[in-house]
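Asks: Before anything else, here's the structure in question.
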Amino acid sequence: MDSNNINNYSPSSTSSPPHPTTTSTSTTTTTTDPVQSWWESVSKARSRILSLSSILPSHPSSSSFSLSSLADSDRPAISLLSSPEAYSHISSSLSSPLSGSGSDPLCQWLYETYLSSDPNLRLIVLSFLPLLSGIYLSRIHSSDSSSAPSLAGFEAVLLAIYSSEVKSRGGKPVVVQIPHLSQPSLYHIPRNKPHKSQVQAPSTGVLSPPLEPQIAIKSTKRPVIVGVALDCYFKHISQMPSWSKVELCRFAAAWAGQDCACQDKFDEPDDAGYFLEGRNVMISSNEIEDNSGISESEPKGVRIPLPWEILQPLLRILGHCLLGPLNTQDAKDAASVAVRRLYARGSHDLVPQAILATRSLIQLDKRTRETEKATAANTSSNANTPAKAKKPEILLVSK
């Protein structure tokens, strides 16, 4: 599967490879009319949804649901993105044992859809990235990977996302300015004001080096390509549905490996798992319950190598799922399990970066839950405290 070249993956006779240097020359004019632009976007989304409906089998659990019905919406792409029934339907096909090959029509649809210029259609593809990358990496590193079918379809979608990011970065690294402690900031004031000659300029840290164009996924480049795809998912995570985030958290927990007592180091010693106050749920590494319509008790994926290229964007996503104020409780709970699993993995592998990052997220998660618990207790106490009866108002009316 390392030798599959993306230029050999042809979803249709009209699609072009997602190489970052490829540009379209067929259209030389731009649309300035917002109404016409909106209608073209809606028409394109409807066409893609109808195309998807034609390649998927009927929904096994719901005879009343139809993908084609989403095409009649005023915002068809957003309707597809926010539909749990559609996600369950597509996920069922994407999880098939024979999925991911170069001839897989669903992978071809994802590939072609991401190559479109419509941002909402691209969001649909990104929403399935956790499932696609989870299945892909788990099959690559499973014990029976030698007998697994070709995964050229999965790799083409990952390369399309990677190549798009290569083009957007323009050959430049992703850097961050690291302030020096001698300089005042929003969070501290230096005790001793440094002399002008002692003032040091902020240093520059490289989060991601410049990306090189790739036309195939080789084993040495796989972590970088998957990591860039996850980073692209993180950039749009505020627009991702909750079930997509839960999917990624479950795979992250499975990638970390088997249960270990280290994951409960920061929890109460008398708890067998991690009890979440306010919900009748016992979070353990064996089962994660949610109400998103795609609840599964069996673990997802297998233990895989976790180089920093994959772990860094993965921890950013988990941090958002843990602390994002608009996230569902299911996403927070799933991320809580995943972070503890990754902490245990980092402790066994002796990876300082992973230990520091996961430990910080665990502490933040605990404080957030303690604050929520205290707030709920105060609210309940105030609700049970009888209020003093108000004196009747006396209205003075002049005659």
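By order of appearance in the structure tokens: chains A, B, ..., then residues from 1 within every chain, and ligands from 1 in the order shown.
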Quick check for you: according to DSSP on this backbone, which residues of region 56-236 of chain A are classed as helix (DSSP H, G or I)? Reply as a compact mmCIF listing (two decimals) with N, CA and C atoms, in the first residue's frame.

Replies:
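After the write, states_18.txt holds the following:
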# COMPACT_ATOMS: atom_id res chain seq x y z
N LEU A 67 -31.03 9.78 2.35
CA LEU A 67 -30.01 10.81 2.13
C LEU A 67 -30.46 11.84 1.11
N SER A 68 -31.17 11.38 0.11
CA SER A 68 -31.59 12.30 -0.95
C SER A 68 -32.53 13.39 -0.42
N SER A 69 -33.22 13.12 0.69
CA SER A 69 -34.11 14.14 1.25
C SER A 69 -33.35 15.35 1.76
N LEU A 70 -32.08 15.16 2.15
CA LEU A 70 -31.26 16.28 2.63
C LEU A 70 -30.92 17.25 1.50
N ALA A 71 -30.98 16.77 0.25
CA ALA A 71 -30.65 17.63 -0.88
C ALA A 71 -31.70 18.71 -1.10
N ASP A 72 -32.90 18.52 -0.57
CA ASP A 72 -33.97 19.50 -0.75
C ASP A 72 -33.88 20.67 0.23
N PRO A 76 -28.06 22.34 1.92
CA PRO A 76 -27.92 20.88 1.89
C PRO A 76 -26.62 20.37 2.51
N ALA A 77 -25.51 21.06 2.31
CA ALA A 77 -24.24 20.59 2.87
C ALA A 77 -24.28 20.63 4.40
N ILE A 78 -24.82 21.70 4.97
CA ILE A 78 -24.92 21.81 6.42
C ILE A 78 -25.91 20.79 6.97
N SER A 79 -26.98 20.53 6.22
CA SER A 79 -27.95 19.52 6.65
C SER A 79 -27.30 18.14 6.72
N LEU A 80 -26.48 17.82 5.75
CA LEU A 80 -25.77 16.54 5.77
C LEU A 80 -24.76 16.49 6.91
N LEU A 81 -24.06 17.58 7.13
CA LEU A 81 -23.05 17.64 8.19
C LEU A 81 -23.66 17.46 9.57
N PRO A 84 -27.26 13.19 12.35
CA PRO A 84 -26.70 11.97 12.94
C PRO A 84 -27.08 10.71 12.17
N GLU A 85 -28.27 10.71 11.55
CA GLU A 85 -28.68 9.55 10.75
C GLU A 85 -27.76 9.38 9.54
N ALA A 86 -27.43 10.52 8.89
CA ALA A 86 -26.54 10.45 7.74
C ALA A 86 -25.15 9.98 8.16
N TYR A 87 -24.67 10.47 9.30
CA TYR A 87 -23.35 10.06 9.78
C TYR A 87 -23.32 8.56 10.07
N SER A 88 -24.38 8.07 10.72
CA SER A 88 -24.45 6.64 11.02
C SER A 88 -24.50 5.81 9.75
N HIS A 89 -25.25 6.29 8.76
CA HIS A 89 -25.38 5.58 7.50
C HIS A 89 -24.03 5.50 6.77
N ILE A 90 -23.37 6.62 6.65
CA ILE A 90 -22.08 6.67 5.95
C ILE A 90 -21.02 5.90 6.74
N SER A 91 -21.03 6.03 8.06
CA SER A 91 -20.04 5.34 8.89
C SER A 91 -20.16 3.83 8.75
N SER A 92 -21.39 3.35 8.62
CA SER A 92 -21.60 1.91 8.46
C SER A 92 -20.90 1.39 7.21
N SER A 93 -20.99 2.13 6.12
CA SER A 93 -20.32 1.72 4.89
C SER A 93 -18.81 1.91 4.98
N LEU A 94 -18.40 2.99 5.64
CA LEU A 94 -16.97 3.27 5.76
C LEU A 94 -16.27 2.25 6.65
N PRO A 105 -16.30 3.10 -3.84
CA PRO A 105 -17.00 4.30 -4.33
C PRO A 105 -17.17 5.38 -3.27
N LEU A 106 -17.26 5.00 -2.00
CA LEU A 106 -17.39 6.00 -0.95
C LEU A 106 -16.10 6.80 -0.79
N CYS A 107 -14.96 6.12 -0.87
CA CYS A 107 -13.68 6.84 -0.81
C CYS A 107 -13.54 7.76 -2.03
N GLN A 108 -14.00 7.30 -3.18
CA GLN A 108 -13.96 8.15 -4.37
C GLN A 108 -14.82 9.39 -4.16
N TRP A 109 -15.98 9.20 -3.53
CA TRP A 109 -16.87 10.34 -3.28
C TRP A 109 -16.21 11.33 -2.31
N LEU A 110 -15.60 10.84 -1.25
CA LEU A 110 -14.92 11.72 -0.29
C LEU A 110 -13.76 12.46 -0.96
N TYR A 111 -13.02 11.73 -1.79
CA TYR A 111 -11.88 12.31 -2.51
C TYR A 111 -12.33 13.45 -3.41
N GLU A 112 -13.34 13.20 -4.24
CA GLU A 112 -13.83 14.21 -5.18
C GLU A 112 -14.47 15.39 -4.45
N THR A 113 -15.18 15.09 -3.37
CA THR A 113 -15.85 16.15 -2.62
C THR A 113 -14.86 17.09 -1.98
N TYR A 114 -13.76 16.56 -1.46
CA TYR A 114 -12.76 17.43 -0.84
C TYR A 114 -12.03 18.28 -1.87
N LEU A 115 -11.95 17.80 -3.10
CA LEU A 115 -11.30 18.58 -4.14
C LEU A 115 -12.15 19.77 -4.59
N PRO A 119 -16.43 25.27 0.84
CA PRO A 119 -15.93 24.97 2.20
C PRO A 119 -16.86 24.08 3.00
N ASN A 120 -18.17 24.18 2.79
CA ASN A 120 -19.10 23.34 3.54
C ASN A 120 -19.00 21.88 3.13
N LEU A 121 -18.75 21.64 1.85
CA LEU A 121 -18.55 20.26 1.40
C LEU A 121 -17.26 19.68 1.97
N ARG A 122 -16.26 20.52 2.10
CA ARG A 122 -15.01 20.05 2.70
C ARG A 122 -15.20 19.70 4.17
N LEU A 123 -16.07 20.44 4.86
CA LEU A 123 -16.35 20.14 6.26
C LEU A 123 -16.96 18.75 6.41
N ILE A 124 -17.78 18.35 5.45
CA ILE A 124 -18.38 17.02 5.49
C ILE A 124 -17.29 15.95 5.47
N VAL A 125 -16.33 16.12 4.58
CA VAL A 125 -15.25 15.15 4.48
C VAL A 125 -14.43 15.13 5.77
N LEU A 126 -14.13 16.32 6.31
CA LEU A 126 -13.35 16.39 7.54
C LEU A 126 -14.08 15.75 8.71
N SER A 127 -15.41 15.80 8.72
CA SER A 127 -16.15 15.21 9.83
C SER A 127 -15.97 13.69 9.89
N LEU A 129 -13.05 12.29 9.04
CA LEU A 129 -11.62 12.03 9.17
C LEU A 129 -11.29 11.18 10.40
N PRO A 130 -11.90 11.42 11.59
CA PRO A 130 -11.60 10.54 12.73
C PRO A 130 -11.86 9.07 12.44
N LEU A 131 -12.98 8.77 11.82
CA LEU A 131 -13.30 7.39 11.51
C LEU A 131 -12.38 6.84 10.43
N LEU A 132 -12.14 7.62 9.39
CA LEU A 132 -11.30 7.15 8.29
C LEU A 132 -9.87 6.91 8.76
N SER A 133 -9.30 7.89 9.46
CA SER A 133 -7.92 7.72 9.93
C SER A 133 -7.83 6.64 11.00
N GLY A 134 -8.88 6.51 11.83
CA GLY A 134 -8.87 5.48 12.86
C GLY A 134 -8.87 4.09 12.27
N ILE A 135 -9.72 3.86 11.28
CA ILE A 135 -9.76 2.55 10.63
C ILE A 135 -8.47 2.30 9.87
N TYR A 136 -7.98 3.33 9.19
CA TYR A 136 -6.76 3.19 8.38
C TYR A 136 -5.57 2.80 9.25
N LEU A 137 -5.32 3.55 10.32
CA LEU A 137 -4.17 3.27 11.18
C LEU A 137 -4.32 1.94 11.90
N SER A 138 -5.54 1.62 12.32
CA SER A 138 -5.75 0.36 13.02
C SER A 138 -5.50 -0.83 12.11
N ARG A 139 -5.93 -0.71 10.84
CA ARG A 139 -5.69 -1.82 9.90
C ARG A 139 -4.21 -1.92 9.54
N ILE A 140 -3.56 -0.78 9.42
CA ILE A 140 -2.13 -0.79 9.08
C ILE A 140 -1.32 -1.51 10.16
N SER A 145 -2.53 -7.39 9.26
CA SER A 145 -2.48 -6.35 8.23
C SER A 145 -1.98 -6.89 6.90
N SER A 146 -1.22 -7.99 6.92
CA SER A 146 -0.70 -8.53 5.67
C SER A 146 -1.81 -9.08 4.78
N SER A 147 -2.89 -9.53 5.41
CA SER A 147 -4.00 -10.08 4.64
C SER A 147 -5.10 -9.06 4.40
N ALA A 152 -5.80 1.96 -0.64
CA ALA A 152 -5.49 3.09 -1.51
C ALA A 152 -6.57 4.16 -1.46
N GLY A 153 -7.82 3.77 -1.24
CA GLY A 153 -8.90 4.75 -1.16
C GLY A 153 -8.76 5.65 0.05
N PHE A 154 -8.48 5.05 1.22
CA PHE A 154 -8.24 5.85 2.42
C PHE A 154 -7.04 6.78 2.22
N GLU A 155 -5.99 6.24 1.63
CA GLU A 155 -4.77 7.03 1.46
C GLU A 155 -4.98 8.19 0.50
N ALA A 156 -5.81 8.00 -0.51
CA ALA A 156 -6.08 9.09 -1.45
C ALA A 156 -6.78 10.25 -0.75
N VAL A 157 -7.73 9.94 0.14
CA VAL A 157 -8.43 11.00 0.87
C VAL A 157 -7.46 11.73 1.80
N LEU A 158 -6.63 10.97 2.50
CA LEU A 158 -5.64 11.60 3.40
C LEU A 158 -4.67 12.48 2.62
N LEU A 159 -4.24 12.01 1.44
CA LEU A 159 -3.32 12.80 0.63
C LEU A 159 -3.99 14.05 0.07
N ALA A 160 -5.27 13.96 -0.22
CA ALA A 160 -5.98 15.15 -0.70
C ALA A 160 -6.00 16.24 0.37
N ILE A 161 -6.26 15.85 1.62
CA ILE A 161 -6.26 16.82 2.72
C ILE A 161 -4.85 17.35 2.95
N TYR A 162 -3.88 16.45 2.95
CA TYR A 162 -2.49 16.86 3.16
C TYR A 162 -2.02 17.82 2.08
N SER A 163 -2.29 17.49 0.82
CA SER A 163 -1.84 18.33 -0.29
C SER A 163 -2.48 19.71 -0.25
N SER A 164 -3.73 19.77 0.17
CA SER A 164 -4.39 21.07 0.31
C SER A 164 -3.71 21.92 1.37
N GLU A 165 -3.29 21.28 2.45
CA GLU A 165 -2.60 22.02 3.52
C GLU A 165 -1.20 22.44 3.07
N VAL A 166 -0.54 21.60 2.30
CA VAL A 166 0.77 21.97 1.75
C VAL A 166 0.66 23.24 0.91
N LYS A 167 -0.38 23.30 0.10
CA LYS A 167 -0.58 24.47 -0.76
C LYS A 167 -0.89 25.71 0.05
N SER A 168 -1.72 25.56 1.09
CA SER A 168 -2.11 26.73 1.89
C SER A 168 -0.95 27.28 2.71
N ARG A 169 -0.03 26.43 3.14
CA ARG A 169 1.12 26.90 3.93
C ARG A 169 2.19 27.53 3.06
N LYS A 196 18.08 47.86 29.72
CA LYS A 196 17.85 47.79 28.28
C LYS A 196 18.81 46.83 27.59
N SER A 197 20.01 46.76 28.10
CA SER A 197 20.99 45.87 27.48
C SER A 197 20.70 44.41 27.78
N GLN A 198 19.87 44.17 28.82
CA GLN A 198 19.56 42.80 29.21
C GLN A 198 18.24 42.28 28.62
N ARG A 222 4.07 8.45 6.76
CA ARG A 222 2.69 8.28 7.22
C ARG A 222 2.36 9.13 8.45
N PRO A 223 3.21 9.17 9.50
CA PRO A 223 2.86 10.00 10.67
C PRO A 223 2.68 11.47 10.33
N VAL A 224 3.52 12.00 9.44
CA VAL A 224 3.41 13.42 9.07
C VAL A 224 2.12 13.68 8.32
N ILE A 225 1.78 12.82 7.38
CA ILE A 225 0.58 13.03 6.57
C ILE A 225 -0.68 12.92 7.42
N VAL A 226 -0.75 11.90 8.27
CA VAL A 226 -1.91 11.75 9.14
C VAL A 226 -1.97 12.89 10.15
N GLY A 227 -0.81 13.29 10.68
CA GLY A 227 -0.79 14.38 11.64
C GLY A 227 -1.25 15.70 11.04
N VAL A 228 -0.85 15.99 9.81
CA VAL A 228 -1.30 17.21 9.14
C VAL A 228 -2.81 17.17 8.90
N ALA A 229 -3.32 16.00 8.54
CA ALA A 229 -4.77 15.86 8.35
C ALA A 229 -5.51 16.11 9.66
N LEU A 230 -4.99 15.59 10.77
CA LEU A 230 -5.61 15.83 12.08
C LEU A 230 -5.52 17.31 12.47
N ASP A 231 -4.42 17.95 12.11
CA ASP A 231 -4.28 19.38 12.40
C ASP A 231 -5.30 20.19 11.60
N CYS A 232 -5.56 19.78 10.37
CA CYS A 232 -6.58 20.43 9.55
C CYS A 232 -7.96 20.23 10.18
N TYR A 233 -8.21 19.06 10.74
CA TYR A 233 -9.47 18.80 11.45
C TYR A 233 -9.59 19.73 12.66
N PHE A 234 -8.49 19.91 13.37
CA PHE A 234 -8.51 20.78 14.55
C PHE A 234 -8.82 22.23 14.19
N LYS A 235 -8.35 22.68 13.04
CA LYS A 235 -8.61 24.06 12.63
C LYS A 235 -10.10 24.32 12.44

Asks: Figure out the distance between CA of Ser117 (chain A) and CA of Ile55 (chain A), please, to one decimal in Å.

Replies: 22.2 Å

Asks: Can you tell me which residues surround Trp308 (chain A) at a distance of at most 9 Å, considering only C-alpha atoms, apart from same-chain residues fewer than 2 positions away, and format the answer as JSON, numbers by chain?

Replies: {"A": [223, 227, 306, 310, 311, 312, 313, 353, 354]}

Asks: Quick one: distance from CA of Ser219 (chain A) to CA of Ile304 (chain A) in Å, one decimal?

Replies: 13.3 Å
